[in-house]
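The structure file structure-v1.txt is reproduced below (compact mmCIF, C-alpha atoms).
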# COMPACT_ATOMS: atom_id res chain seq x y z
CA ALA C 1 78.71 130.70 -81.07
CA ALA C 2 79.15 127.96 -83.72
CA CYS C 3 76.97 125.32 -85.35
CA LEU C 4 78.53 122.70 -87.63
CA GLY C 5 77.57 119.29 -88.90
CA ASP C 6 79.79 116.55 -87.53
CA GLN C 7 81.73 115.93 -90.75
CA GLN C 8 82.14 119.65 -91.44
CA SER C 9 83.32 120.09 -87.87
CA ALA C 10 85.97 117.42 -88.42
CA ILE C 11 87.39 119.18 -91.47
CA VAL C 12 87.60 122.43 -89.45
CA GLY C 13 89.20 120.45 -86.62
CA HIS C 14 91.97 119.47 -89.02
CA ALA C 15 92.31 123.13 -90.06
CA ALA C 16 91.72 121.95 -93.63
CA PHE C 17 90.99 125.48 -94.80
CA ASN C 18 92.55 125.34 -98.27
CA LYS C 19 90.93 124.30 -101.51
CA GLY C 20 91.93 120.69 -102.15
CA ASP C 21 92.29 119.81 -98.45
CA SER C 22 90.47 116.63 -97.48
CA LYS C 23 89.65 114.42 -94.54
CA ASN C 24 88.17 110.97 -94.09
CA THR C 25 86.53 109.82 -90.87
CA TYR C 26 86.59 106.04 -90.28
CA GLY C 27 83.83 105.05 -87.89
CA THR C 28 80.98 102.58 -88.34
CA GLY C 29 81.02 103.94 -91.90
CA CYS C 30 83.34 106.37 -93.69
CA PHE C 31 82.70 110.01 -94.47
CA LEU C 32 85.05 111.78 -96.86
CA LEU C 33 85.00 115.55 -97.46
CA LEU C 34 86.98 117.50 -100.05
CA ASN C 35 87.26 121.28 -99.63
CA THR C 36 86.34 122.74 -103.05
CA GLY C 37 86.72 126.39 -102.09
CA GLU C 38 84.19 129.18 -102.52
CA THR C 39 82.57 127.71 -105.62
CA PRO C 40 80.29 124.68 -105.22
CA VAL C 41 81.12 121.66 -107.37
CA PHE C 42 78.16 119.57 -108.49
CA SER C 43 78.79 115.87 -108.80
CA ASN C 44 78.13 113.54 -111.71
CA ALA C 45 78.89 110.54 -109.51
CA GLY C 46 76.21 110.88 -106.86
CA LEU C 47 78.36 112.73 -104.34
CA LEU C 48 76.85 115.37 -102.10
CA THR C 49 77.59 119.06 -102.66
CA THR C 50 77.50 120.67 -99.24
CA VAL C 51 78.44 123.83 -97.38
CA CYS C 52 81.69 123.01 -95.64
CA TYR C 53 81.79 126.01 -93.33
CA LYS C 54 81.23 129.75 -93.06
CA LEU C 55 83.43 131.14 -90.33
CA GLY C 56 81.91 134.52 -89.58
CA PRO C 57 79.07 136.73 -90.82
CA ASP C 58 81.27 138.50 -93.35
CA ALA C 59 83.30 135.44 -94.36
CA PRO C 60 82.52 133.67 -97.63
CA ALA C 61 80.88 130.26 -97.60
CA VAL C 62 83.28 127.43 -98.40
CA TYR C 63 81.92 124.31 -100.07
CA ALA C 64 82.81 120.62 -100.13
CA LEU C 65 82.10 117.38 -101.91
CA GLU C 66 81.06 114.60 -99.56
CA GLY C 67 80.97 110.87 -100.13
CA SER C 68 80.04 108.11 -97.72
CA VAL C 69 80.85 104.42 -97.29
CA ALA C 70 78.23 102.32 -95.51
CA ILE C 71 80.40 99.54 -94.10
CA ALA C 72 83.64 100.33 -92.29
CA GLY C 73 83.94 99.63 -88.56
CA VAL C 74 80.57 97.90 -88.57
CA GLY C 75 82.13 95.33 -90.90
CA ILE C 76 84.63 94.41 -88.20
CA SER C 77 81.73 94.06 -85.77
CA TRP C 78 80.05 91.75 -88.29
CA LEU C 79 83.11 89.50 -88.37
CA LYS C 80 82.92 89.28 -84.57
CA ASP C 81 79.19 89.06 -83.95
CA ASN C 82 77.95 87.16 -87.00
CA LEU C 83 80.86 84.91 -88.00
CA ASN C 84 82.76 84.67 -84.69
CA LEU C 85 86.03 85.07 -86.59
CA ILE C 86 87.45 87.45 -83.99
CA SER C 87 86.84 88.10 -80.31
CA ASP C 88 87.43 91.87 -80.39
CA VAL C 89 88.63 94.73 -82.57
CA GLN C 90 92.23 94.41 -81.42
CA GLU C 91 92.31 90.80 -82.61
CA ALA C 92 91.27 92.01 -86.07
CA SER C 93 94.29 94.31 -86.15
CA THR C 94 96.62 91.57 -84.92
CA LEU C 95 95.34 89.01 -87.43
CA ALA C 96 95.51 91.45 -90.34
CA ALA C 97 99.12 92.28 -89.49
CA SER C 98 100.03 88.59 -89.26
CA VAL C 99 99.77 88.11 -93.05
CA GLU C 100 101.49 90.11 -95.78
CA ASP C 101 98.34 90.46 -97.88
CA THR C 102 94.94 88.84 -98.44
CA ALA C 103 96.35 86.04 -100.63
CA GLY C 104 94.08 87.14 -103.44
CA VAL C 105 90.89 87.41 -101.36
CA TYR C 106 88.61 90.42 -101.97
CA PHE C 107 85.64 91.21 -99.74
CA VAL C 108 82.90 93.56 -100.97
CA PRO C 109 80.76 94.24 -97.87
CA ALA C 110 77.68 95.41 -99.77
CA PHE C 111 75.35 94.12 -97.08
CA SER C 112 72.62 96.62 -97.96
CA GLY C 113 73.79 97.74 -101.38
CA LEU C 114 76.64 100.04 -102.38
CA PHE C 115 76.85 103.74 -101.55
CA ALA C 116 78.86 106.36 -103.48
CA PRO C 117 79.82 106.32 -106.25
CA TYR C 118 77.82 103.25 -107.34
CA TRP C 119 74.43 103.71 -105.63
CA ARG C 120 73.34 100.15 -106.35
CA GLU C 121 70.59 98.76 -104.15
CA ASP C 122 70.88 95.40 -105.88
CA ALA C 123 74.46 94.81 -104.69
CA ARG C 124 75.14 92.28 -101.95
CA GLY C 125 78.24 91.19 -100.07
CA VAL C 126 80.66 88.86 -101.81
CA ILE C 127 83.99 87.24 -100.98
CA VAL C 128 86.02 86.24 -104.03
CA GLY C 129 89.39 84.57 -104.48
CA LEU C 130 89.06 81.85 -101.84
CA THR C 131 91.39 78.87 -102.07
CA GLN C 132 92.15 75.92 -99.80
CA PHE C 133 95.06 78.00 -98.45
CA THR C 134 92.83 80.91 -97.34
CA LYS C 135 93.09 81.54 -93.60
CA ARG C 136 90.95 83.43 -91.13
CA ALA C 137 93.55 86.20 -91.16
CA HIS C 138 93.17 86.66 -94.92
CA ILE C 139 89.40 87.16 -94.64
CA VAL C 140 89.81 89.61 -91.75
CA ARG C 141 92.44 91.54 -93.67
CA ALA C 142 90.22 91.55 -96.77
CA MET C 143 87.45 93.22 -94.75
CA ILE C 144 89.89 95.86 -93.50
CA GLU C 145 91.25 96.48 -96.99
CA ALA C 146 87.66 96.76 -98.29
CA VAL C 147 87.30 99.93 -96.24
CA ALA C 148 90.29 101.41 -98.07
CA TYR C 149 89.05 100.27 -101.47
CA GLN C 150 85.63 101.83 -100.92
CA THR C 151 87.31 105.07 -99.88
CA MET C 152 89.45 104.85 -103.03
CA ASP C 153 86.28 104.67 -105.15
CA VAL C 154 84.95 107.85 -103.51
CA VAL C 155 88.30 109.63 -103.99
CA ASP C 156 88.35 108.67 -107.67
CA ALA C 157 84.85 110.11 -108.10
CA MET C 158 85.84 113.33 -106.34
CA VAL C 159 88.88 113.77 -108.58
CA LYS C 160 86.72 113.34 -111.69
CA ASP C 161 84.09 115.78 -110.42
CA SER C 162 86.41 118.47 -109.11
CA GLY C 163 89.56 118.14 -111.18
CA VAL C 164 91.47 118.35 -107.89
CA LYS C 165 94.18 115.72 -107.39
CA PHE C 166 94.57 114.52 -103.84
CA THR C 167 98.11 115.29 -102.69
CA SER C 168 97.43 114.34 -99.06
CA MET C 169 94.55 113.41 -96.78
CA LYS C 170 93.85 113.77 -93.07
CA VAL C 171 92.27 110.76 -91.39
CA ASP C 172 90.51 110.31 -88.08
CA GLY C 173 88.02 108.05 -86.31
CA GLY C 174 88.30 104.86 -84.30
CA MET C 175 89.43 102.62 -87.17
CA THR C 176 92.54 104.71 -87.79
CA ALA C 177 94.13 103.03 -84.77
CA ASN C 178 94.54 100.09 -87.17
CA GLN C 179 98.00 100.48 -88.71
CA VAL C 180 97.25 98.00 -91.51
CA LEU C 181 94.25 100.02 -92.64
CA VAL C 182 95.95 103.42 -92.66
CA GLN C 183 99.08 102.17 -94.43
CA PHE C 184 97.07 100.26 -97.03
CA GLN C 185 94.91 103.33 -97.60
CA ALA C 186 98.02 105.40 -98.34
CA ASP C 187 99.30 102.66 -100.63
CA ILE C 188 96.14 102.12 -102.68
CA LEU C 189 95.57 105.88 -103.09
CA ASP C 190 99.27 106.58 -103.72
CA THR C 191 98.69 109.50 -101.39
CA PRO C 192 100.29 110.42 -98.05
CA LEU C 193 97.96 110.29 -95.05
CA SER C 194 98.21 112.10 -91.74
CA ARG C 195 96.63 110.77 -88.53
CA PRO C 196 96.20 113.16 -85.60
CA SER C 197 97.20 112.46 -82.04
CA MET C 198 93.96 114.10 -80.90
CA PRO C 199 91.12 111.57 -81.13
CA GLU C 200 88.24 114.07 -80.87
CA VAL C 201 88.93 116.15 -83.97
CA THR C 202 85.20 116.73 -84.53
CA ALA C 203 84.71 118.32 -81.12
CA PHE C 204 87.88 120.33 -81.59
CA GLY C 205 86.52 121.70 -84.87
CA SER C 206 83.42 123.11 -83.23
CA ALA C 207 85.64 124.74 -80.59
CA LEU C 208 87.83 126.29 -83.31
CA ALA C 209 84.77 127.67 -85.10
CA ALA C 210 83.36 129.08 -81.86
CA GLY C 211 86.71 130.70 -81.07
CA LEU C 212 86.83 132.35 -84.48
CA ALA C 213 83.26 133.60 -84.04
CA THR C 214 83.94 135.14 -80.63
CA GLY C 215 87.36 136.63 -81.38
CA VAL C 216 89.53 134.17 -79.48
CA TRP C 217 91.53 133.94 -82.74
CA ALA C 218 91.70 136.86 -85.10
CA SER C 219 91.99 134.81 -88.30
CA GLN C 220 91.84 131.32 -89.76
CA GLU C 221 95.62 131.42 -90.03
CA GLU C 222 95.95 132.08 -86.31
CA ALA C 223 93.48 129.29 -85.49
CA ALA C 224 95.31 126.92 -87.83
CA ALA C 225 98.65 127.73 -86.17
CA MET C 226 97.17 126.90 -82.78
CA GLN C 227 95.71 123.65 -84.17
CA HIS C 228 99.08 122.61 -85.60
CA ALA C 229 100.76 123.35 -82.26
CA MET C 230 98.26 121.27 -80.28
CA CYS C 231 97.67 118.36 -82.63
CA GLU C 232 100.64 116.26 -83.71
CA TYR C 233 100.25 114.09 -86.81
CA THR C 234 101.73 110.73 -87.72
CA ASP C 235 102.39 110.50 -91.46
CA PHE C 236 101.92 107.41 -93.59
CA ALA C 237 103.71 107.46 -96.96
CA PRO C 238 102.67 105.15 -99.82
CA SER C 239 105.10 102.31 -100.44
CA MET C 240 103.27 100.06 -102.93
CA SER C 241 104.63 99.68 -106.45
CA PRO C 242 102.53 101.07 -109.32
CA GLU C 243 102.17 97.55 -110.76
CA ALA C 244 100.88 96.10 -107.50
CA ARG C 245 98.50 99.03 -107.05
CA GLU C 246 97.04 98.67 -110.53
CA HIS C 247 96.65 94.90 -110.07
CA ARG C 248 94.72 95.36 -106.82
CA ARG C 249 92.54 98.10 -108.32
CA THR C 250 91.63 95.82 -111.23
CA LYS C 251 90.79 92.90 -108.94
CA TRP C 252 88.66 95.15 -106.72
CA ALA C 253 86.73 96.44 -109.75
CA ASP C 254 86.07 92.83 -110.77
CA ALA C 255 84.84 92.00 -107.26
CA ILE C 256 82.50 95.00 -107.37
CA LYS C 257 80.98 93.71 -110.64
CA ARG C 258 80.38 90.32 -109.04
CA SER C 259 78.46 91.96 -106.18
CA LEU C 260 75.89 93.54 -108.53
CA ASN C 261 72.48 92.19 -109.59
CA GLN C 262 72.23 90.01 -106.49
CA ALA C 263 68.93 91.34 -105.13
Written as C-alpha cells, that's how I'd like the structure from this file.
Amino acid sequence: AACLGDQQSAIVGHAAFNKGDSKNTYGTGCFLLLNTGETPVFSNAGLLTTVCYKLGPDAPAVYALEGSVAIAGVGISWLKDNLNLISDVQEASTLAASVEDTAGVYFVPAFSGLFAPYWREDARGVIVGLTQFTKRAHIVRAMIEAVAYQTMDVVDAMVKDSGVKFTSMKVDGGMTANQVLVQFQADILDTPLSRPSMPEVTAFGSALAAGLATGVWASQEEAAAMQHAMCEYTDFAPSMSPEAREHRRTKWADAIKRSLNQA
C-alpha cells in the first residue's frame, strides 16, 4: 500500500508534514532532509532535490532537500578497528563525556573526500590542534563532534538554498544514543533537537503511509496525532554562548581548508 525510500520514510515517521520540518538520521553516515513543501527547491550547493512523499493518489507531491555526510558512525568504528582507541561504541560515549571539550582538537574525517556541501574528492582526513596535553578522550570527542559539524555544514547550505531557517530538528539513528553528540549538535546549530523514544522511525513511517493509503487514518492530521501519542520525544535545547559557537565554527572552517588538496 506504500512505497517510500528509507530517508523519506523516516521523515514521515516523524510526522514532519509541514514545510520547514526536518530530520537527520545518524547511522554509518548522516542523511538530512528538509521538507520544502509542494514546490521543489533546486540547490546551488550540491544538495539533492527529491520527492519527499505523496500520500495518496489525489494528494500533492511534497518535496525535500537532502544532504548526506559520509562519515558518522563508521568514524567511531574506525577509532575502534583501525586505531584501537576504544573497545566499543559505549566506551566512545563514556570517554567523550569525560572531558568538557576537545581541548582545541578538530577532526575532519574526510577519508574518501568530502560530501555535501563541499564535494571535494581531493580532501583527506586531518586532525588539527594537537598538543602534548591532548588525551585519547579529546580525539574521540573530536570525532563525535565532527559528525555535528558536518551536519551543520549541510544545514547551512539548506538555509541558503531554501531561505527556511531551522527552528527545530528531529533526530534518529543509532548514534543519537550518544548524549554528547545530540547536545553538541543542538549547541552548534543553535537549534532545539528532539529525539524519539521509538528507535525504528523509518519502519514506522512506511506503516503510517500505508495506513493513510488504506484509510486507517482519514487525514495526515489524524496520523500525526497518533504518531505524537505513540512516540515520546526527548528535547535538547542549545546552551552554548554565541561567542563560543562562532569560535568553534571558525576553527572548523579552518580545519576543512586544511583537509583540501591532499589527494
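Here atom CA of C:Ala146 is placed at a distance of 14.6 Å from atom CA of C:Gln179.
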Handout entry: Selected residue, from C:Pro238, C:Gly211, C:Pro199, C:Gly163, that lies nearest to C:Ala10 when counting only C-alpha atoms
Key =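 Comparing C:Pro238, C:Gly211, C:Pro199, C:Gly163 against C:Ala10, the winner is C:Pro199.
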Handout entry: Residues near stretch 212-221 of chain C, cut-off 9 Å, all atoms listed in the file, skip fewer than 4 positions along chain, as number ranges by chain
Key = C: 1-2, 15, 17, 55-57, 207-208, 225-226
Residues of stretch 97-200 of chain C that have any atom at most 8 Å from an atom of stretch 74-89 of chain C: could you tabulate them with the shortest-distance atom pair and the distance in Å to one decimal, using all atoms listed in the file, ordered by chain and increasing number, as a tab-separated table?
residue	atom	partner	partner_atom	distance
C:Pro109	CA	C:Gly75	CA	7.2
C:Arg136	CA	C:Leu85	CA	6.9
C:Val140	CA	C:Leu79	CA	7.5
C:Met143	CA	C:Gly75	CA	6.9
C:Ile144	CA	C:Ile76	CA	7.6
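Compared by their closest atoms to C:Ala224, and using all atoms listed in the file, the residues C:Gln185, C:Asn178, C:Gln7, C:Asn18 rank with C:Asn18 nearest.
Here atom CA of C:Tyr118 stands at a distance of 11.9 Å from atom CA of C:Ala70.
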Practice task
Calculate how many Å separate atom CA of C:Pro60 from atom CA of C:Leu34, rounding to one decimal.
Solution key: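 Separation between atom CA of C:Pro60 and atom CA of C:Leu34: 16.9 Å.
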